[in-house]
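**Student:** Handing you a structure now.
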Number of protein chains: 2
Amino acid sequence: MLPLYSYEDLFSFANSVFLKIGCNDEDAITATQTLLSADLRGVDSHGIARLIGYVRLWENKRVNAKPNISIIHQTPSTAVVDADRALGLVSAPYAMNLAIQKAASVGTGWVSVQNSNHFGIAGYHALLAVQEDMIGIAMTNASALVAPTYANERMLGTNPIAVAVPAGQYPPFVADFATTTASNGKLEILQRINEDCPSGWLQDADGMPTQNAAALKEGGALLPLGGDKVHGSHKGYMLGSIVDIFSAILSGANYGPWVPPFPTYIPMPQNMPGKGIGHFFGAMRIDAFRPAMDFKKDMDQWINRFKEAKTTSGHKEVIIPGEPEKQMEEERIKNGIPLLQPVIEDLTQLAQKFSLQVPPSM
Amino acid sequence: MLPLYSYEDLFSFANSVFLKIGCNDEDAITATQTLLSADLRGVDSHGIARLIGYVRLWENKRVNAKPNISIIHQTPSTAVVDADRALGLVSAPYAMNLAIQKAASVGTGWVSVQNSNHFGIAGYHALLAVQEDMIGIAMTNASALVAPTYANERMLGTNPIAVAVPAGQYPPFVADFATTTASNGKLEILQRINEDCPSGWLQDADGMPTQNAAALKEGGALLPLGGDKVHGSHKGYMLGSIVDIFSAILSGANYGPWVPPFPTYIPMPQNMPGKGIGHFFGAMRIDAFRPAMDFKKDMDQWINRFKEAKTTSGHKEVIIPGEPEKQMEEERIKNGIPLLQPVIEDLTQLAQKFSLQVPPSM
C-alpha cells in the first residue's frame, strides 16, 4: 500500500516550487492546478511525478518562468500564440481560454501554440471549455518515440488528443488518449516489475516486433495505435501526424523528429526547424449549433444507451470515456493521492533544493 | 484481370442515373463527382459499386432527389444544415462549401449536418478545402456495426475521419480512415475468397474474438481500432464516439445504434431520436494561422523527412497519407477503373431499369 498525500498538501508544495523558480502568483497557481489534475484523474505519469522534470527544464534555461506570452497572429476564430518558452502548464490554459473567448464571440475558437513546453494532461485543458457549455479539444506534439508504419526510426511523439463534451445529468464525456497502442507510462510500470509487454506495443532497434518492455530504452520505438499494418497502425500514424501538423506546422513549432525532449539528459535535436514544442486547442460553443439543453438531453441519452449496452463476458458495463477519471478524482480528493517511493524521493530533493518542507503523508 | 472502364464512361452513366431519379443537372454532376472520386482513389467499396444502393434508398423514399437543403442555425464560424434527406453525395459538398465560405470570412468554418444519407468517401470532401489553401476535415456517422470495448452489441458505425492538408511541392497530406481496425470492405473481400481474417478485426455473436470473416453476417461485430483493450480498442471506441457526437448530437441526427442502415433490406431502428444520418465538416484557412507559403514549406519538409526515414526490412519508404491514393487516381484516369463482375451486373440492372446503355469496357 502506497503512502497517501492530500491534494491540499501537494498543491501547496508544487505551488511553492513554481514560486521558487520565479513564476508569479497567478502562473504558479495555474501551473499547479494543471499539473495536479493529472494526479487527481489517475494519470500519475503526468502529475507531480514530473515536477522535478519541469524544474530541470528551468535549470537548463529551456523553461522561462517569466514569459511574455503573446498572440502573434489572429482572426475572429483563430490565433497563433508564442508561449515565449513558458511552462506548457501555463501557456496551455492561456491558449485554451483564448479559444474559449473566440468561441464566445464567433461560435468557435482555434489556437495553435509555438515555443512552448510540455503541458501536462490534454484532458484538463479540453475540460476548461466544458465549464462554458462548449466542446473542448486539446492536443500536443512531443519528442519522437514512435515509429510510423514501416519505419525503423522514431519520428513522432505519443501526440495525445483530448475531446471533452458537456452532458446534462452525466459528467462530461472526456476522451484523452495517446495516439500509440500503449503509453510510455504503462511501459515503465512493466519495466519496473520486469515483465514483458503485450505484442503490438513496441518494436526493437532492428525494427522487429518485440515484447521486451526494455526495448524502448535500447533503441526501439513505441508503435502507433493499431500496432502493425494489418491491425491498422497506419491509422495511429495518421492520427499522430495530424496532431503534429495542427500543433506545430500551423504554429511554427518543431515537428516530427525535431521536437525537443522532456528529459534534459537527452541531447537536443540538430537543425530544429521551429520554436519549442507545439499545441493545438479548439473550443466549439454548443449553442452555435443547437440549444445547449437539446444537445445535453441527447448526450445523456447517448451515454445512457451505451451504459445499457449488452456486455461481453466478465464486464459489467461499457465504459463511458471520462467516467473512471471523474470517479478517481472524487476518490482522491477525499482519500488522498498515492505516491511511489521514487516520486517521494524527487519531492524530497526539490524540498532540499528550495528549502521547503516535504509534504507530509496522510 | 478485371475489365477496365473509362472514368468518362462511368461518369456519363452514373450522371444519367442520378438524372433519372430526378436530380437536377447540378446535383447529378456533384453526386457523380463525389461517388466516382472513391473509384479513382482506389476505395472501390464506396464508389460506383454503391450506385444501386443509392437508387434503392430513393425507391424506398429515404433519399429525396429534389431536396431543399437549408441552414437551420448559424454563427459566423458554424452552421447546422438540414439536408432534407438529400443524397449525402450532394449535401456533403454543400456543407463543406459552407464551411469553406465561413473560413474565408472568419478563419475557420464548422458545419454539422442532420437528415442526410451516406456521403461517399470522407477524403473527397476534406480535399475540397485544400484547393482554397485550407485544411479540410470531414467525418460521418453510419449504421451500427461496431462493438465498443466490453460491449457485445453493435453501437457505432465505422465512423470515418478525413483530414486533408495542403503541401507545396508534394501532393496534399490526406488521412482518411474508418475508426475500426479494418473496414467492412476488406472483410467482404476475405469472405468472398473464403479466408479467415486477422485477429483483432471481429468478434462473434457471443462477443468472443474470432477470425471467421463471416462472423459479422452471423450476428458479430467489427472491433474499434486497437481490437481489444490491451491493444487500445478503447481509443478506437473514443474516436468513433467523437465522430458520432460531432456528426449527430451537434446536428440533431440519429446516433449510436439508431443510425439508419445503408442497405434497404435491413429494417430501420425503432424510436429513432433524430433525423437521418449526420456529418461534420471543418475548414481552417492556413493564413488564419501563418502565411500559407511558410506553412507549405514546413509541410514539404515534414513530408520529405518522413519519406527519408529509415525503414523496416522489406519496405522501401514510409507511406505519406494520401500519396498512394493520388497515384492510384492518376493511374486510373489514364488506364481505367477495374470493376468486379457483381458490380457490372448491378450496372446492367440499372441500365435496364432506366433504359440506359451499359457503360462499355475499354
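Following the order of the C-alpha cells, chains are lettered A, B, ..., residues in each are numbered from 1, and ligands are numbered from 1.
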Restrict the distance test to only C-alpha atoms, flag each residue of chain A within 6 Å of chain B, and return the flagged residues as a list in words.
**Tutor:** Thr75, Pro76, Ser77, Val80, Val106, Gly107, Tyr150, Ala151, Asn152, Glu153, Ala175, Thr181, Gly207, Gly226, His231, Gly232, Met238, Ala288, Phe289, Lys310, Thr311, Thr312 and Val318 of chain A
**Student:** Selected residues, C-alpha atoms, written as a PDB file, in the first residue's frame, please.
**Tutor:**
ATOM      1  CA  THR A  75      -8.556  36.234 -36.999  1.00  0.00           C
ATOM      2  CA  PRO A  76     -12.002  36.228 -35.351  1.00  0.00           C
ATOM      3  CA  SER A  77     -11.880  32.412 -34.891  1.00  0.00           C
ATOM      4  CA  VAL A  80      -1.229  31.640 -33.086  1.00  0.00           C
ATOM      5  CA  VAL A 106     -17.966  33.838 -33.288  1.00  0.00           C
ATOM      6  CA  GLY A 107     -19.046  30.289 -32.374  1.00  0.00           C
ATOM      7  CA  TYR A 150       7.210   0.645 -41.997  1.00  0.00           C
ATOM      8  CA  ALA A 151       9.704   2.995 -40.255  1.00  0.00           C
ATOM      9  CA  ASN A 152      12.667   1.874 -38.216  1.00  0.00           C
ATOM     10  CA  GLU A 153      13.130   5.317 -36.752  1.00  0.00           C
ATOM     11  CA  ALA A 175     -11.698  11.193 -24.472  1.00  0.00           C
ATOM     12  CA  THR A 181      -1.101   1.479 -28.724  1.00  0.00           C
ATOM     13  CA  GLY A 207      12.525  -2.577 -36.318  1.00  0.00           C
ATOM     14  CA  GLY A 226      -3.015  -0.413 -34.221  1.00  0.00           C
ATOM     15  CA  HIS A 231      -4.206  -4.101 -37.381  1.00  0.00           C
ATOM     16  CA  GLY A 232      -4.404  -0.501 -38.592  1.00  0.00           C
ATOM     17  CA  MET A 238      -2.094   9.305 -39.339  1.00  0.00           C
ATOM     18  CA  ALA A 288     -23.510  27.845 -32.003  1.00  0.00           C
ATOM     19  CA  PHE A 289     -25.032  24.606 -33.319  1.00  0.00           C
ATOM     20  CA  LYS A 310     -25.066  -5.732 -23.628  1.00  0.00           C
ATOM     21  CA  THR A 311     -21.576  -6.590 -22.397  1.00  0.00           C
ATOM     22  CA  THR A 312     -19.073  -9.317 -23.124  1.00  0.00           C
ATOM     23  CA  VAL A 318     -19.376  -0.385 -21.254  1.00  0.00           C
TER      24      VAL A 318
END
**Student:** Please return, as a CSV table (one decimal) with C-alpha atoms, in the first residue's frame, all residues of range 141-269 of chain B that DSSP assigns to strand (DSSP E or B) on the basis of the backbone.
**Tutor:**
chain,number,residue,atom,x,y,z
B,146,VAL,CA,-19.0,-1.9,-34.2
B,151,ALA,CA,-19.8,-4.5,-25.5
B,156,LEU,CA,-21.3,2.6,-33.5
B,161,ILE,CA,-12.5,10.7,-40.3
B,162,ALA,CA,-10.7,12.5,-43.1
B,163,VAL,CA,-8.2,15.4,-42.7
B,164,ALA,CA,-6.6,16.9,-45.8
B,165,VAL,CA,-3.7,19.3,-45.5
B,173,PHE,CA,-1.5,15.0,-47.0
B,174,VAL,CA,-4.8,13.1,-46.8
B,175,ALA,CA,-5.6,10.9,-43.8
B,176,ASP,CA,-8.9,9.1,-44.5
B,177,PHE,CA,-9.8,6.2,-42.3
B,180,THR,CA,-12.3,0.4,-36.8
B,202,LEU,CA,-14.1,-9.0,-35.4
B,203,GLN,CA,-15.9,-10.6,-32.5
B,209,PRO,CA,-12.7,-12.6,-30.6
B,210,THR,CA,-12.9,-14.5,-33.9
B,221,ALA,CA,-19.4,-7.0,-34.7
B,222,LEU,CA,-16.5,-5.1,-36.1
B,224,PRO,CA,-12.8,-0.5,-32.8
**Student:** Please identify which residues in range 181-295 of chain B DSSP calls alpha helix (DSSP H) from the backbone, and express them as a ChimeraX atom specification.
**Tutor:** /B:184-192,233-244,292-295
**Student:** Tell me, in Å to one decimal, how far CA of Pro67 in chain A is from CA of Ile277 in chain A.
**Tutor:**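 We find that CA of Pro67 in chain A and CA of Ile277 in chain A lie 15.1 Å from each other.
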**Student:** What is the distance, in Å and to one decimal place, between CA of Ser70 in chain B and CA of Gly120 in chain B?
**Tutor:**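 Between CA of Ser70 in chain B and CA of Gly120 in chain B the gap is 20.5 Å.
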**Student:** Mind checking which residues fall within 12 Å of Lys217 in chain B, counting only C-alpha atoms, ignoring those fewer than 2 positions away in the same chain, and posting them as a short mmCIF file (atom, residue, chain, number, x, y, z; two decimals) with C-alpha atoms, in the first residue's frame?
**Tutor:**
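Below is the file that was written, result.cif:
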data_model
loop_
_atom_site.label_atom_id
_atom_site.label_comp_id
_atom_site.auth_asym_id
_atom_site.auth_seq_id
_atom_site.Cartn_x
_atom_site.Cartn_y
_atom_site.Cartn_z
CA LEU B 145 -21.62 -2.44 -36.94
CA ASN B 184 -16.14 -3.70 -43.86
CA LEU B 187 -13.77 -8.08 -44.68
CA GLU B 188 -16.06 -8.65 -47.66
CA GLN B 191 -15.43 -13.56 -47.20
CA LEU B 202 -14.06 -9.02 -35.37
CA GLN B 203 -15.95 -10.56 -32.51
CA ASP B 204 -18.64 -13.21 -32.88
CA ALA B 205 -22.27 -13.20 -31.75
CA ASN B 212 -14.12 -16.08 -39.05
CA ALA B 213 -14.65 -13.39 -41.68
CA ALA B 214 -18.34 -14.35 -41.90
CA ALA B 215 -18.93 -13.56 -38.21
CA GLY B 219 -24.50 -11.53 -35.51
CA GLY B 220 -20.95 -10.49 -34.63
CA ALA B 221 -19.43 -7.03 -34.73
CA LEU B 222 -16.45 -5.13 -36.10
CA ILE B 266 -32.12 -4.10 -43.09
#
**Student:** Please measure the separation of CA of Phe18 in chain A and CA of Ser355 in chain A, giving the value in Å to one decimal.
**Tutor:** 13.1 Å
**Student:** If you count only C-alpha atoms, which residues fall within 12 Å of Ala65 in chain A, apart from same-chain ones fewer than 5 positions away, as a ChimeraX atom specification?
**Tutor:** /A:17-28,31,54-55,57-60,83-91,116-117
